[in-house]
file model_8.cif (mmCIF, C-alpha atoms)
data_work
loop_
_atom_site.label_atom_id
_atom_site.label_comp_id
_atom_site.auth_asym_id
_atom_site.auth_seq_id
_atom_site.Cartn_x
_atom_site.Cartn_y
_atom_site.Cartn_z
CA MET A 14 -19.62 -14.46 28.67
CA SER A 15 -22.19 -11.76 27.98
CA SER A 16 -25.91 -12.01 28.63
CA GLN A 17 -28.46 -11.93 25.82
CA ARG A 18 -29.28 -8.40 26.89
CA ALA A 19 -25.69 -7.28 26.33
CA SER A 20 -25.12 -9.34 23.19
CA ARG A 21 -25.20 -6.33 20.86
CA GLN A 22 -22.47 -4.58 22.85
CA SER A 23 -20.13 -7.54 23.29
CA PHE A 24 -17.47 -5.68 21.26
CA LEU A 25 -16.84 -3.66 24.43
CA GLY A 26 -14.89 -6.59 25.87
CA ASP A 27 -15.28 -9.73 27.97
CA ARG A 28 -15.27 -7.83 31.25
CA ALA A 29 -17.49 -4.94 30.14
CA GLU A 30 -20.72 -6.34 31.54
CA TRP A 31 -19.08 -7.12 34.87
CA THR A 32 -17.49 -3.66 34.95
CA PHE A 33 -20.78 -1.86 34.29
CA ALA A 34 -22.45 -3.79 37.08
CA ARG A 35 -19.52 -3.11 39.42
CA ALA A 36 -19.00 0.60 38.76
CA HIS A 37 -20.77 2.92 41.17
CA VAL A 38 -21.71 6.14 39.38
CA ALA A 39 -23.10 9.37 40.74
CA ILE A 40 -25.24 11.71 38.65
CA LEU A 41 -25.44 15.16 40.18
CA GLY A 42 -28.22 17.17 38.60
CA LEU A 43 -31.12 15.20 37.13
CA GLY A 44 -32.51 17.83 34.79
CA GLY A 45 -32.14 18.04 31.03
CA GLY A 46 -28.64 16.55 30.91
CA GLY A 47 -28.56 14.21 33.90
CA SER A 48 -31.88 12.53 33.05
CA HIS A 49 -30.46 11.49 29.66
CA VAL A 50 -27.32 10.15 31.34
CA GLY A 51 -29.27 8.00 33.81
CA GLN A 52 -31.41 6.53 31.08
CA GLN A 53 -28.46 5.62 28.87
CA LEU A 54 -26.39 4.13 31.69
CA SER A 55 -29.33 1.91 32.65
CA HIS A 56 -29.69 0.64 29.09
CA ILE A 57 -25.98 -0.18 29.02
CA GLY A 58 -26.15 -2.19 32.23
CA PHE A 59 -24.95 0.06 35.03
CA SER A 60 -26.64 -0.86 38.25
CA GLN A 61 -25.14 1.16 41.11
CA PHE A 62 -26.30 4.76 41.20
CA SER A 63 -26.21 7.71 43.56
CA LEU A 64 -28.52 10.49 42.36
CA SER A 65 -28.66 14.03 43.68
CA ASP A 66 -30.83 16.99 42.74
CA PRO A 67 -32.52 19.64 44.90
CA ASP A 68 -35.57 20.25 42.69
CA VAL A 69 -39.00 18.86 41.99
CA ILE A 70 -40.25 18.75 38.41
CA ASP A 71 -42.37 21.64 37.14
CA GLU A 72 -44.14 22.23 33.86
CA SER A 73 -41.20 24.11 32.34
CA ASN A 74 -39.08 20.93 32.67
CA LEU A 75 -41.33 18.83 30.46
CA ASN A 76 -39.68 20.06 27.25
CA ARG A 77 -36.51 18.14 28.12
CA LEU A 78 -36.56 16.04 31.29
CA ILE A 79 -36.37 12.42 30.18
CA GLY A 80 -38.93 10.28 31.98
CA GLY A 81 -40.91 13.20 33.38
CA THR A 82 -44.70 13.12 32.94
CA LEU A 83 -47.65 15.45 33.43
CA GLY A 84 -48.61 13.36 36.44
CA ASP A 85 -45.19 13.99 37.97
CA VAL A 86 -45.74 17.73 37.56
CA GLU A 87 -49.11 17.54 39.28
CA ARG A 88 -47.60 15.59 42.18
CA ARG A 89 -44.44 17.74 42.30
CA VAL A 90 -42.22 14.63 42.17
CA PRO A 91 -38.51 15.18 42.96
CA LYS A 92 -36.32 14.82 39.87
CA VAL A 93 -34.22 12.19 41.64
CA GLU A 94 -37.29 10.00 42.04
CA ILE A 95 -38.17 10.33 38.35
CA ALA A 96 -34.64 9.26 37.44
CA ALA A 97 -34.72 6.38 39.93
CA ARG A 98 -38.03 5.16 38.47
CA LEU A 99 -36.57 5.26 34.96
CA ILE A 100 -33.49 3.33 36.04
CA ARG A 101 -35.44 0.68 37.94
CA GLY A 102 -37.71 0.21 34.93
CA LEU A 103 -34.65 -0.96 33.01
CA GLN A 104 -32.62 -2.43 35.89
CA PRO A 105 -35.03 -3.73 38.54
CA GLU A 106 -32.18 -4.99 40.71
CA ALA A 107 -30.26 -1.73 40.56
CA ASP A 108 -28.95 -0.22 43.79
CA VAL A 109 -30.22 3.36 43.47
CA GLU A 110 -29.53 5.87 46.21
CA THR A 111 -31.60 9.04 45.85
CA MET A 112 -30.48 12.22 47.57
CA PHE A 113 -33.06 15.00 47.38
CA GLY A 114 -31.01 18.13 47.95
CA HIS A 115 -27.76 19.77 46.95
CA TRP A 116 -24.93 17.27 46.51
CA GLU A 117 -22.74 18.98 49.11
CA LYS A 118 -25.14 17.79 51.83
CA HIS A 119 -24.48 14.20 50.76
CA ALA A 120 -20.73 14.38 50.25
CA ASP A 121 -20.18 11.49 52.68
CA ALA A 122 -22.16 9.20 50.43
CA LEU A 123 -20.52 10.43 47.26
CA CYS A 124 -16.83 10.12 48.11
CA GLY A 125 -16.97 6.34 47.60
CA VAL A 126 -18.30 6.40 44.03
CA ASP A 127 -16.12 5.44 41.06
CA LEU A 128 -17.28 8.06 38.57
CA ILE A 129 -19.25 11.30 38.78
CA PHE A 130 -21.39 12.87 36.09
CA GLY A 131 -21.63 16.58 36.88
CA CYS A 132 -24.76 18.02 35.30
CA LEU A 133 -24.81 21.23 37.32
CA ASP A 134 -25.47 24.84 36.41
CA GLY A 135 -22.82 27.50 36.85
CA TYR A 136 -19.07 27.83 37.06
CA ALA A 137 -18.81 28.04 40.86
CA ALA A 138 -20.74 24.79 41.21
CA ARG A 139 -18.35 23.12 38.77
CA ARG A 140 -15.33 24.50 40.64
CA ASP A 141 -16.60 23.07 43.92
CA LEU A 142 -17.46 19.68 42.43
CA GLU A 143 -14.10 19.34 40.69
CA GLU A 144 -12.32 20.17 43.95
CA PHE A 145 -14.30 17.40 45.68
CA ALA A 146 -13.70 14.88 42.89
CA ARG A 147 -9.96 15.53 42.75
CA ARG A 148 -9.62 15.28 46.53
CA HIS A 149 -11.21 11.83 46.43
CA LEU A 150 -9.53 10.71 43.20
CA ILE A 151 -12.79 10.33 41.29
CA PRO A 152 -13.04 10.93 37.53
CA LEU A 153 -15.57 13.66 36.80
CA ILE A 154 -17.44 14.04 33.51
CA ASP A 155 -19.03 17.48 33.30
CA ILE A 156 -21.71 18.46 30.80
CA GLY A 157 -23.57 21.69 30.24
CA MET A 158 -25.29 23.71 27.57
CA ASP A 159 -26.28 27.32 27.07
CA VAL A 160 -28.04 29.52 24.54
CA HIS A 161 -26.48 32.89 23.75
CA ARG A 162 -28.48 35.69 22.23
CA VAL A 163 -26.55 37.97 19.93
CA ALA A 164 -28.31 41.01 18.46
CA GLY A 165 -28.92 40.67 14.75
CA SER A 166 -28.18 36.95 14.49
CA ALA A 167 -29.75 33.64 15.37
CA PRO A 168 -29.45 32.42 18.95
CA GLN A 169 -26.31 30.30 19.38
CA ILE A 170 -26.52 26.96 21.20
CA SER A 171 -23.26 25.89 22.79
CA GLY A 172 -22.17 23.27 25.27
CA GLN A 173 -19.33 21.18 26.56
CA VAL A 174 -18.36 17.73 27.76
CA ILE A 175 -15.24 17.73 29.93
CA LEU A 176 -13.45 14.74 31.42
CA SER A 177 -11.61 15.89 34.52
CA MET A 178 -9.38 12.91 35.21
CA PRO A 179 -7.23 12.80 38.37
CA GLY A 180 -3.67 13.35 37.21
CA GLY A 181 -4.84 14.85 33.93
CA PRO A 182 -5.77 18.40 32.98
CA CYS A 183 -8.46 20.01 35.10
CA MET A 184 -11.07 22.60 34.13
CA TRP A 185 -8.60 25.33 35.14
CA CYS A 186 -5.88 23.85 32.91
CA MET A 187 -8.37 23.88 30.00
CA ASN A 188 -9.32 27.49 30.84
CA TYR A 189 -12.96 26.46 31.12
CA LEU A 190 -12.73 27.77 34.67
CA ASN A 191 -10.99 31.08 35.24
CA ALA A 192 -11.28 34.16 37.43
CA VAL A 193 -13.12 36.13 34.75
CA VAL A 194 -16.05 33.73 34.34
CA LEU A 195 -16.32 33.13 38.07
CA THR A 196 -16.34 36.85 38.85
CA ARG A 197 -18.85 37.57 36.12
CA GLU A 198 -21.10 34.83 37.43
CA ALA A 199 -20.82 36.08 40.99
CA GLU A 200 -21.79 39.60 39.92
CA LYS A 201 -24.91 38.27 38.18
CA TYR A 202 -25.89 36.03 41.11
CA GLY A 203 -29.66 36.15 41.66
CA ASP A 204 -30.20 38.02 38.42
CA ALA A 205 -29.83 35.22 35.92
CA GLY A 206 -33.50 34.42 35.30
CA PRO A 207 -34.59 31.18 33.65
CA ARG A 208 -31.95 29.96 31.21
CA PRO A 209 -32.99 28.55 27.85
CA GLN A 210 -32.74 24.75 27.71
CA VAL A 211 -33.85 22.28 25.04
CA VAL A 212 -33.80 18.53 24.78
CA TRP A 213 -31.66 17.74 21.73
CA PRO A 214 -28.37 19.45 22.63
CA ASN A 215 -28.61 17.86 26.07
CA GLY A 216 -29.05 14.51 24.35
CA ILE A 217 -25.93 15.04 22.23
CA LEU A 218 -23.86 16.09 25.24
CA ALA A 219 -25.17 13.29 27.46
CA SER A 220 -24.48 10.69 24.77
CA ALA A 221 -20.90 11.90 24.41
CA ALA A 222 -20.47 11.86 28.19
CA VAL A 223 -21.76 8.31 28.42
CA GLY A 224 -19.45 7.32 25.55
CA MET A 225 -16.50 8.77 27.47
CA ALA A 226 -17.51 6.80 30.56
CA VAL A 227 -17.82 3.52 28.67
CA ASP A 228 -14.39 4.05 27.11
CA LEU A 229 -12.91 5.00 30.48
CA LEU A 230 -14.24 1.84 32.11
CA THR A 231 -13.58 -0.66 29.32
CA GLY A 232 -10.76 0.86 27.27
CA TRP A 233 -12.50 -0.52 24.18
CA THR A 234 -11.09 2.14 21.81
CA GLY A 235 -7.52 1.45 22.90
CA ARG A 236 -6.77 5.12 23.39
CA PRO A 237 -7.49 7.68 26.10
CA PRO A 238 -10.92 9.30 25.92
CA PRO A 239 -11.00 12.97 24.81
CA VAL A 240 -10.84 15.44 27.68
CA TYR A 241 -12.84 18.31 26.18
CA LEU A 242 -15.53 18.35 23.51
CA GLU A 243 -17.35 21.52 22.54
CA LEU A 244 -20.83 21.60 21.03
CA ASP A 245 -21.88 23.97 18.30
CA GLY A 246 -25.58 23.38 18.65
CA ASN A 247 -26.51 25.34 15.53
CA SER A 248 -24.40 23.26 13.17
CA LEU A 249 -24.90 20.18 15.36
CA THR A 250 -21.19 19.44 15.61
CA LEU A 251 -19.17 18.24 18.56
CA GLY A 252 -15.38 18.31 18.67
CA PRO A 253 -12.30 19.53 20.51
CA PRO A 254 -12.17 23.33 20.77
CA ALA A 255 -9.50 24.83 18.52
CA ARG A 256 -8.13 26.87 21.40
CA LEU A 257 -7.30 23.68 23.32
CA GLU A 258 -4.06 23.48 21.35
CA LEU A 259 -2.93 26.67 23.09
CA TYR A 260 -2.83 24.97 26.45
CA ASN A 261 -0.10 22.54 27.42
CA LEU A 262 -2.46 19.76 28.47
CA GLY A 263 0.27 17.13 28.44
CA ALA A 264 1.99 18.80 31.39
CA PRO A 265 1.15 17.70 34.94
CA CYS A 266 -1.82 19.54 36.45
CA LEU A 267 -0.48 22.15 38.85
CA HIS A 268 -3.90 22.97 40.28
CA TYR A 269 -4.41 19.46 41.69
CA PRO A 270 -0.99 17.79 42.03
CA ILE A 271 -1.60 14.07 41.89
CA ARG A 272 1.18 13.16 44.33
CA ASP A 273 0.34 15.72 47.01
CA VAL A 274 -0.75 13.46 49.88
CA GLU A 275 -2.23 16.27 51.96
CA ARG A 276 -4.67 17.29 49.23
CA HIS A 277 -6.35 13.90 49.15
CA GLY A 278 -8.83 12.12 51.38
CA ASP A 279 -10.96 13.57 54.11
CA PRO A 280 -9.63 16.91 55.37
CA VAL A 281 -7.84 16.59 58.71
CA PHE A 282 -6.91 19.10 61.38
CA ARG A 283 -3.31 18.97 62.47
CA ARG A 284 -1.40 20.75 65.23
CA ARG A 285 1.96 22.04 64.00
CA MET B 11 -11.33 -1.47 53.42
CA HIS B 12 -10.52 -0.25 49.94
CA VAL B 13 -7.55 1.50 48.32
CA ARG B 14 -7.69 3.98 45.47
CA LEU B 15 -4.65 5.26 43.60
CA ALA B 16 -3.91 7.00 40.33
CA MET B 17 -2.67 4.99 37.34
CA ASP B 18 0.55 7.05 37.21
CA VAL B 19 1.36 6.24 40.83
CA TYR B 20 0.42 2.56 40.41
CA THR B 21 2.58 2.21 37.30
CA ALA B 22 5.56 3.97 38.89
CA LEU B 23 5.25 1.82 42.01
CA GLN B 24 5.11 -1.41 40.00
CA LYS B 25 8.15 -0.33 38.00
CA GLU B 26 10.12 0.59 41.11
CA LEU B 27 9.39 -2.75 42.80
CA ARG B 28 10.83 -4.55 39.77
CA ARG B 29 14.07 -2.58 39.62
CA PRO B 30 17.01 -4.90 40.42
CA HIS B 31 18.83 -4.40 43.71
CA PRO B 32 22.58 -5.08 44.11
CA PHE B 33 21.92 -7.99 46.47
CA ALA B 34 18.30 -8.15 47.67
CA ALA B 35 15.91 -10.38 45.71
CA GLU B 36 12.95 -8.02 46.19
CA ARG B 37 12.41 -4.31 46.59
CA VAL B 38 10.33 -2.50 49.17
CA ALA B 39 8.56 0.85 49.03
CA PHE B 40 6.50 2.85 51.51
CA ALA B 41 3.30 4.34 50.13
CA TYR B 42 1.49 7.27 51.72
CA GLY B 43 -2.11 8.38 51.55
CA ARG B 44 -5.11 9.69 53.39
CA GLN B 45 -8.22 8.00 54.64
CA ALA B 46 -11.66 8.87 53.29
CA MET B 47 -14.90 7.62 54.80
CA SER B 48 -18.07 7.30 52.81
CA SER B 49 -21.35 6.20 54.31
CA LYS B 50 -20.90 2.76 52.72
CA LYS B 51 -17.17 2.08 52.89
CA SER B 52 -13.87 3.36 54.12
CA PHE B 53 -10.85 3.64 51.90
CA VAL B 54 -7.38 5.07 51.63
CA ILE B 55 -6.27 7.24 48.75
CA ILE B 56 -2.62 6.49 48.10
CA ALA B 57 -1.01 9.54 46.54
CA ASP B 58 2.74 9.00 46.75
CA PHE B 59 5.46 6.54 47.66
CA ASP B 60 9.13 6.46 48.56
CA SER B 61 11.58 3.81 47.44
CA VAL B 62 13.78 2.26 50.09
CA GLU B 63 17.29 3.33 49.17
CA ASP B 64 19.78 0.65 48.14
CA ASP B 65 21.98 1.20 51.19
CA ASP B 66 19.07 0.77 53.57
CA TYR B 67 18.65 -2.94 52.78
CA GLU B 68 20.38 -5.56 54.92
CA ASP B 69 22.21 -8.44 53.28
CA ASP B 70 20.11 -11.39 54.47
CA THR B 71 19.66 -14.33 52.10
CA SER B 72 17.00 -15.94 54.31
CA VAL B 73 14.37 -13.48 53.03
CA GLY B 74 13.63 -11.75 49.73
CA ALA B 75 14.41 -8.37 51.21
CA ARG B 76 15.19 -7.11 54.67
CA ILE B 77 15.21 -3.40 55.35
CA GLY B 78 16.95 -1.83 58.30
CA ALA B 79 15.95 0.61 60.99
CA VAL B 80 17.18 3.55 58.93
CA ALA B 81 14.63 2.84 56.19
CA ILE B 82 11.82 2.41 58.70
CA ASN B 83 12.73 5.61 60.50
CA LYS B 84 12.73 7.52 57.22
CA ALA B 85 9.25 6.22 56.46
CA LEU B 86 8.04 7.08 59.96
CA ARG B 87 9.32 10.63 59.59
CA ARG B 88 7.66 11.03 56.19
CA ALA B 89 4.34 9.67 57.46
CA ALA B 90 4.51 11.99 60.46
CA ALA B 91 5.33 15.01 58.33
CA LEU B 92 2.39 14.29 56.03
CA GLY B 93 -0.01 13.07 58.69
CA ALA B 94 -0.45 10.15 56.36
CA ALA B 95 -1.64 6.59 56.24
CA ALA B 96 1.39 4.41 55.43
CA PHE B 97 1.81 1.08 53.69
CA HIS B 98 4.74 -1.29 53.35
CA VAL B 99 4.62 -2.47 49.71
CA HIS B 100 6.44 -5.27 47.95
CA ALA B 101 5.80 -7.38 44.87
CA HIS B 102 5.55 -11.05 44.00
CA LEU B 103 6.48 -11.47 40.37
CA HIS B 104 3.62 -13.43 38.88
CA SER B 105 0.18 -12.72 37.48
CA GLY B 106 -3.04 -13.35 39.36
CA ARG B 107 -3.98 -12.94 42.97
CA PRO B 108 -0.94 -12.46 45.27
CA TRP B 109 -0.77 -13.21 48.97
CA PHE B 110 1.80 -12.88 51.71
CA SER B 111 4.27 -15.64 52.54
CA LYS B 112 4.49 -16.97 56.09
CA THR B 113 7.64 -14.94 56.51
CA ASP B 114 5.83 -11.82 55.30
CA LEU B 115 3.00 -12.37 57.77
CA ARG B 116 5.46 -12.87 60.63
CA GLU B 117 7.85 -10.05 59.87
CA LEU B 118 5.91 -7.24 58.19
CA PRO B 119 3.20 -6.38 60.76
CA PRO B 120 5.84 -5.43 63.39
CA VAL B 121 7.45 -3.10 60.83
CA MET B 122 4.19 -1.15 60.56
CA GLU B 123 3.25 -1.22 64.24
CA PRO B 124 5.12 2.04 65.14
CA PHE B 125 3.12 3.95 62.54
CA MET B 126 0.06 3.56 64.77
CA HIS B 127 1.78 5.74 67.37
CA VAL B 128 3.20 8.29 64.93
CA VAL B 129 -0.05 8.95 63.04
CA PRO B 130 -2.79 7.46 65.23
CA THR B 131 -5.62 8.95 63.18
CA GLN B 132 -4.76 7.22 59.91
CA PRO B 133 -4.71 3.54 58.85
CA ARG B 134 -1.53 1.57 58.21
CA GLY B 135 -1.03 -1.57 56.24
CA ILE B 136 0.96 -3.99 54.16
CA LEU B 137 0.40 -4.52 50.44
CA VAL B 138 1.66 -7.15 48.06
CA MET B 139 1.37 -6.59 44.34
CA SER B 140 1.51 -9.11 41.54
CA ASP B 141 1.87 -8.16 37.89
CA ASP B 142 -1.85 -7.44 37.63
CA ASP B 143 -3.42 -7.58 41.07
CA CYS B 144 -3.00 -6.40 44.62
CA ALA B 145 -3.78 -7.73 48.10
CA GLY B 146 -3.27 -6.38 51.56
CA LEU B 147 -3.94 -6.17 55.25
CA VAL B 148 -4.98 -2.87 56.76
CA TRP B 149 -5.10 -1.76 60.36
CA ARG B 150 -7.75 0.88 60.94
CA PRO B 151 -6.75 3.76 63.24
CA ARG B 152 -6.08 2.58 66.79
CA GLU B 153 -6.96 -1.03 65.96
CA VAL B 154 -4.55 -3.91 66.59
CA ARG B 155 -6.24 -6.51 64.36
CA PRO B 156 -6.05 -5.99 60.62
CA VAL B 157 -8.82 -6.28 58.05
CA THR B 158 -8.31 -7.72 54.59
CA LEU B 159 -8.08 -5.25 51.76
CA LEU B 160 -11.19 -5.87 49.66
CA GLU B 161 -10.46 -3.84 46.58
CA THR B 162 -7.89 -1.64 44.90
CA VAL B 163 -9.18 0.80 42.32
CA VAL B 164 -6.57 2.09 39.88
CA VAL B 165 -7.87 5.41 38.55
CA GLY B 166 -6.82 5.88 34.96
CA ALA B 167 -7.84 5.04 31.43
CA PRO B 168 -9.03 2.34 31.57
CA MET B 169 -10.05 2.08 35.20
CA GLN B 170 -8.94 -1.13 36.94
CA PHE B 171 -10.80 -2.83 39.77
CA LEU B 172 -8.50 -5.27 41.56
CA GLY B 173 -8.81 -7.43 44.65
CA ILE B 174 -10.72 -10.16 46.39
CA ALA B 175 -14.04 -8.34 46.07
CA HIS B 176 -14.00 -9.47 42.45
CA GLU B 177 -13.45 -13.20 42.86
#

call {"tool": "encode", "arguments": {"input": "model_8.cif", "output": "C-alpha cells"}}
result
Amino acid sequence: MSSQRASRQSFLGDRAEWTFARAHVAILGLGGGGSHVGQQLSHIGFSQFSLSDPDVIDESNLNRLIGGTLGDVERRVPKVEIAARLIRGLQPEADVETMFGHWEKHADALCGVDLIFGCLDGYAARRDLEEFARRHLIPLIDIGMDVHRVAGSAPQISGQVILSMPGGPCMWCMNYLNAVVLTREAEKYGDAGPRPQVVWPNGILASAAVGMAVDLLTGWTGRPPPVYLELDGNSLTLGPPARLELYNLGAPCLHYPIRDVERHGDPVFRRR
Amino acid sequence: MHVRLAMDVYTALQKELRRPHPFAAERVAFAYGRQAMSSKKSFVIIADFDSVEDDDYEDDTSVGARIGAVAINKALRRAAALGAAAFHVHAHLHSGRPWFSKTDLRELPPVMEPFMHVVPTQPRGILVMSDDDCAGLVWRPREVRPVTLLETVVVGAPMQFLGIAHE
C-alpha cells in the first residue's frame, strides 16, 4: 500500500516505499552533484542519510549548489547543513547525520550504510572511496563532471556516472582509474586551480545516479542497472562509452575478489 | 547484529544447501566472513563458504543432517587460516521466516563453541535460510550468550533486506 505522497511512483513496486525508508544512504560531497542527489532522494522518500563534506558554501558555489542561498554565503554555512535543511524540508522525520569534514574521518559511521553516492573531486579520492566501499560490501555510485578547454574549439563538458557494485566491475576494470590518470593528477597536485562547474550537467548526472539507485533498490526495470554512463555535455547525451566494449566486464573483478574473506570487514592485525 | 553478503555468494549458498545428499535429508555449509563495526551497528560481511563434503556426514536418521568431527575440524582450520568469523548454515525448505528447531538449538551451538577459542576476535554463529529469508543467532567475540540476527542484507541487483528487523 503506497501513501498519497508516493502514489505517482507506485509503478516502482509494492515494497518500494518501504525500501526507500529503510535504505541508509551516504552522500559524500555536497557540492554541485551531491546537492542534487540529496534533493531528489528526499522527494522520492529516502529518509536515512549520512552526509559528509569538508567545505562551507562561498559565493562561487551559488551557480550550482542546490538549496544554497545568499544568506548561507554570508553566514558561511557548511554544505552538509544546507543539504540537511533541504532534506528535512521534504522529510521532516528523516534521520540525517551530518559530518562536517572529509569522509575518511567518519569512516566508522559510514561502513554501516547500504549505498554510497560518491560526489568527490579527483581520481585518488575515488580510488580510496571505492577501496572502502568494496571492503564493506557497499554499492558505490560515483558521479563527476569536468570542462576541457581545447584550443580552437568550444569547451567540452564531460562527465560520468559509474556503479561500482561489489562482485561486479570496478573503476579499474572499466579503466576509469588507471596509473596514468593517477600519476598525472599527483603531478598537478596543488596546481589545479578552480575547476569549471555548472548546474545543468550536474543535474543530468545526479538524475542518472538516482535512477540507478532506485533501480538497484527496487529492481523495477527487471534488468541490472548500467554500470557506466558517460556524459557529452555539449550534445547533452548520456550513454555507455563506446570503449566499454573493449573491456571484459562480464569477467569476475580481479581487483576486488568478492570471495576473498581477508579483504572484507574491518582490517585486523594478525600474528603469523 | 547484522549480516551482509553478495548476491553471488547468497545464491551459491542457497543452491548448495538444496543439493541432494546420498543419505542426509539436509545439507550443511560453513560460511566465513569478517566483522565490521560502525558507530550505529555491528555486522559481519560473509565473503565465502565451504560445503561439508558428502563423506563427512554421519548416517543418523534422528536428525536432518549430522556432521562429524572431520567436517568441524576442517571448518575450524579454515576459520583459523583466514582469521574469520564462522557460521554453521543450513536451510529449511519453505518460504517466509525460518527458525531453528529444538534439535537445532540443542545441537548446533556446541558445534560452534570451539570457534570462539580458534578465532577469539571474530563473531561466530548459526544461520538458517528459507527460500527467501534468513535468521540466525550470533555470538559476539568472547561472549557466551548469543544475540538474534536482526537483518541480512543481500548486496546485488536488486538489493534484498531480510530478517526480523523488517517484521

call {"tool": "closest_residue", "arguments": {"input": "model_8.cif", "among": "B:Arg76, B:His100, B:Arg152, B:Lys50", "to": "chain A", "atoms": "all atoms listed in the file"}}
result
B:Lys50

call {"tool": "closest_atom_pairs", "arguments": {"input": "model_8.cif", "of": "chain A", "to": "chain B", "cutoff": "10 Å", "atoms": "all atoms listed in the file", "output": "tab-separated table"}}
result
residue	atom	partner	partner_atom	distance
A:Trp31	CA	B:His176	CA	9.4
A:Thr32	CA	B:Phe171	CA	8.3
A:Arg35	CA	B:Phe171	CA	8.7
A:Ala36	CA	B:Phe171	CA	8.9
A:His119	CA	B:Ser49	CA	9.3
A:Ala120	CA	B:Ser48	CA	8.0
A:Asp121	CA	B:Ser48	CA	4.7
A:Ala122	CA	B:Ser49	CA	5.0
A:Leu123	CA	B:Ser48	CA	6.8
A:Cys124	CA	B:Ser48	CA	5.6
A:Gly125	CA	B:Ser48	CA	5.4
A:Val126	CA	B:Ser48	CA	8.8
A:Asp127	CA	B:Val163	CA	8.4
A:Leu128	CA	B:Val165	CA	9.8
A:Arg148	CA	B:Ile55	CA	9.0
A:His149	CA	B:Ile55	CA	7.1
A:Leu150	CA	B:Val165	CA	7.2
A:Ile151	CA	B:Val165	CA	7.5
A:Pro152	CA	B:Val165	CA	7.6
A:Met178	CA	B:Gly166	CA	7.5
A:Pro179	CA	B:Ala16	CA	7.0
A:Gly180	CA	B:Ala16	CA	7.1
A:Gly181	CA	B:Gly166	CA	9.2
A:Ala226	CA	B:Pro168	CA	9.6
A:Val227	CA	B:Pro168	CA	9.3
A:Asp228	CA	B:Pro168	CA	7.2
A:Leu229	CA	B:Pro168	CA	4.8
A:Leu230	CA	B:Met169	CA	5.2
A:Thr231	CA	B:Pro168	CA	5.9
A:Gly232	CA	B:Pro168	CA	4.9
A:Trp233	CA	B:Pro168	CA	8.7
A:Thr234	CA	B:Pro168	CA	10.0
A:Gly235	CA	B:Pro168	CA	8.8
A:Arg236	CA	B:Ala167	CA	8.1
A:Pro237	CA	B:Ala167	CA	6.0
A:Pro238	CA	B:Ala167	CA	7.6
A:Pro270	CA	B:Ala57	CA	9.4
A:Ile271	CA	B:Ala57	CA	6.5
A:Arg272	CA	B:Ala57	CA	4.8
A:Asp273	CA	B:Ala57	CA	6.3
A:Val274	CA	B:Ala57	CA	5.2
A:Glu275	CA	B:Leu92	CA	6.5
A:Arg276	CA	B:Arg44	CA	8.7
A:His277	CA	B:Arg44	CA	6.1
A:Gly278	CA	B:Ala46	CA	4.7
A:Asp279	CA	B:Ala46	CA	4.8
A:Pro280	CA	B:Ala46	CA	8.5
A:Val281	CA	B:Gly93	CA	8.6
A:Phe282	CA	B:Gly93	CA	9.6
A:Arg283	CA	B:Gly93	CA	7.7
A:Arg285	CA	B:Ala91	CA	9.6

call {"tool": "residues_around", "arguments": {"input": "model_8.cif", "residues": "Met112 (chain A)", "least_positions_apart": "4", "cutoff": "9 Å", "atoms": "only C-alpha atoms", "output": "list in words"}}
result
Ser63, Leu64, Ser65, Asp66, Pro67, Val93, Trp116, Lys118 and His119 of chain A

call {"tool": "resolve_selection", "arguments": {"input": "model_8.cif", "expression": "the PyMOL selection byres ((chain A and resi 245) around 12)", "output": "list in words"}}
result
Met158, Asp159, Val160, His161, Pro168, Gln169, Ile170, Ser171, Gly172, Gln173, Val174, Pro214, Asn215, Ile217, Leu218, Leu242, Glu243, Leu244, Gly246, Asn247, Ser248, Leu249, Thr250, Leu251, Gly252, Pro253 and Pro254 of chain A

call {"tool": "residues_around", "arguments": {"input": "model_8.cif", "residues": "Asn191 (chain A)", "least_positions_apart": "6", "cutoff": "9 Å", "atoms": "only C-alpha atoms", "output": "list in words"}}
result
Tyr136, Met184 and Trp185 of chain A

call {"tool": "atom_distance", "arguments": {"input": "model_8.cif", "atom1": "CA of Phe97 (chain B)", "atom2": "CA of Ile174 (chain B)"}}
result
18.3 Å

call {"tool": "resolve_selection", "arguments": {"input": "model_8.cif", "expression": "the PyMOL selection byres ((chain A and resi 81-90) around 6)", "output": "MDAnalysis selection string"}}
result
chainID A and resid 69:71 78:80 91

call {"tool": "resolve_selection", "arguments": {"input": "model_8.cif", "expression": "the PyMOL selection byres ((chain B and resi 66) around 9)", "output": "VMD selection string"}}
result
chain B and resid 62 to 65 67 to 68 76 to 81

call {"tool": "write_last_selection", "arguments": {"input": "model_8.cif", "atoms": "C-alpha atoms", "output": "PDB file, in the frame of the given file"}}
result
ATOM      1  CA  VAL B  62      13.780   2.260  50.090  1.00  0.00           C
ATOM      2  CA  GLU B  63      17.290   3.330  49.170  1.00  0.00           C
ATOM      3  CA  ASP B  64      19.780   0.650  48.140  1.00  0.00           C
ATOM      4  CA  ASP B  65      21.980   1.200  51.190  1.00  0.00           C
ATOM      5  CA  TYR B  67      18.650  -2.940  52.780  1.00  0.00           C
ATOM      6  CA  GLU B  68      20.380  -5.560  54.920  1.00  0.00           C
ATOM      7  CA  ARG B  76      15.190  -7.110  54.670  1.00  0.00           C
ATOM      8  CA  ILE B  77      15.210  -3.400  55.350  1.00  0.00           C
ATOM      9  CA  GLY B  78      16.950  -1.830  58.300  1.00  0.00           C
ATOM     10  CA  ALA B  79      15.950   0.610  60.990  1.00  0.00           C
ATOM     11  CA  VAL B  80      17.180   3.550  58.930  1.00  0.00           C
ATOM     12  CA  ALA B  81      14.630   2.840  56.190  1.00  0.00           C
TER      13      ALA B  81
END

call {"tool": "decode", "arguments": {"input": "model_8.cif", "residues": "region 70-82 of chain B", "atoms": "C-alpha atoms", "output": "compact mmCIF listing (two decimals), in the first residue's frame"}}
result
# COMPACT_ATOMS: atom_id res chain seq x y z
CA ASP B 70 21.71 -40.59 11.58
CA THR B 71 18.01 -40.65 10.74
CA SER B 72 17.05 -38.91 14.00
CA VAL B 73 18.15 -35.53 12.57
CA GLY B 74 18.07 -33.85 9.17
CA ALA B 75 21.83 -33.85 8.96
CA ARG B 76 24.61 -34.74 11.34
CA ILE B 77 28.17 -33.82 10.50
CA GLY B 78 31.17 -35.46 12.07
CA ALA B 79 34.31 -34.22 13.75
CA VAL B 80 36.21 -34.25 10.47
CA ALA B 81 33.89 -31.63 8.97
CA ILE B 82 34.08 -29.46 12.07
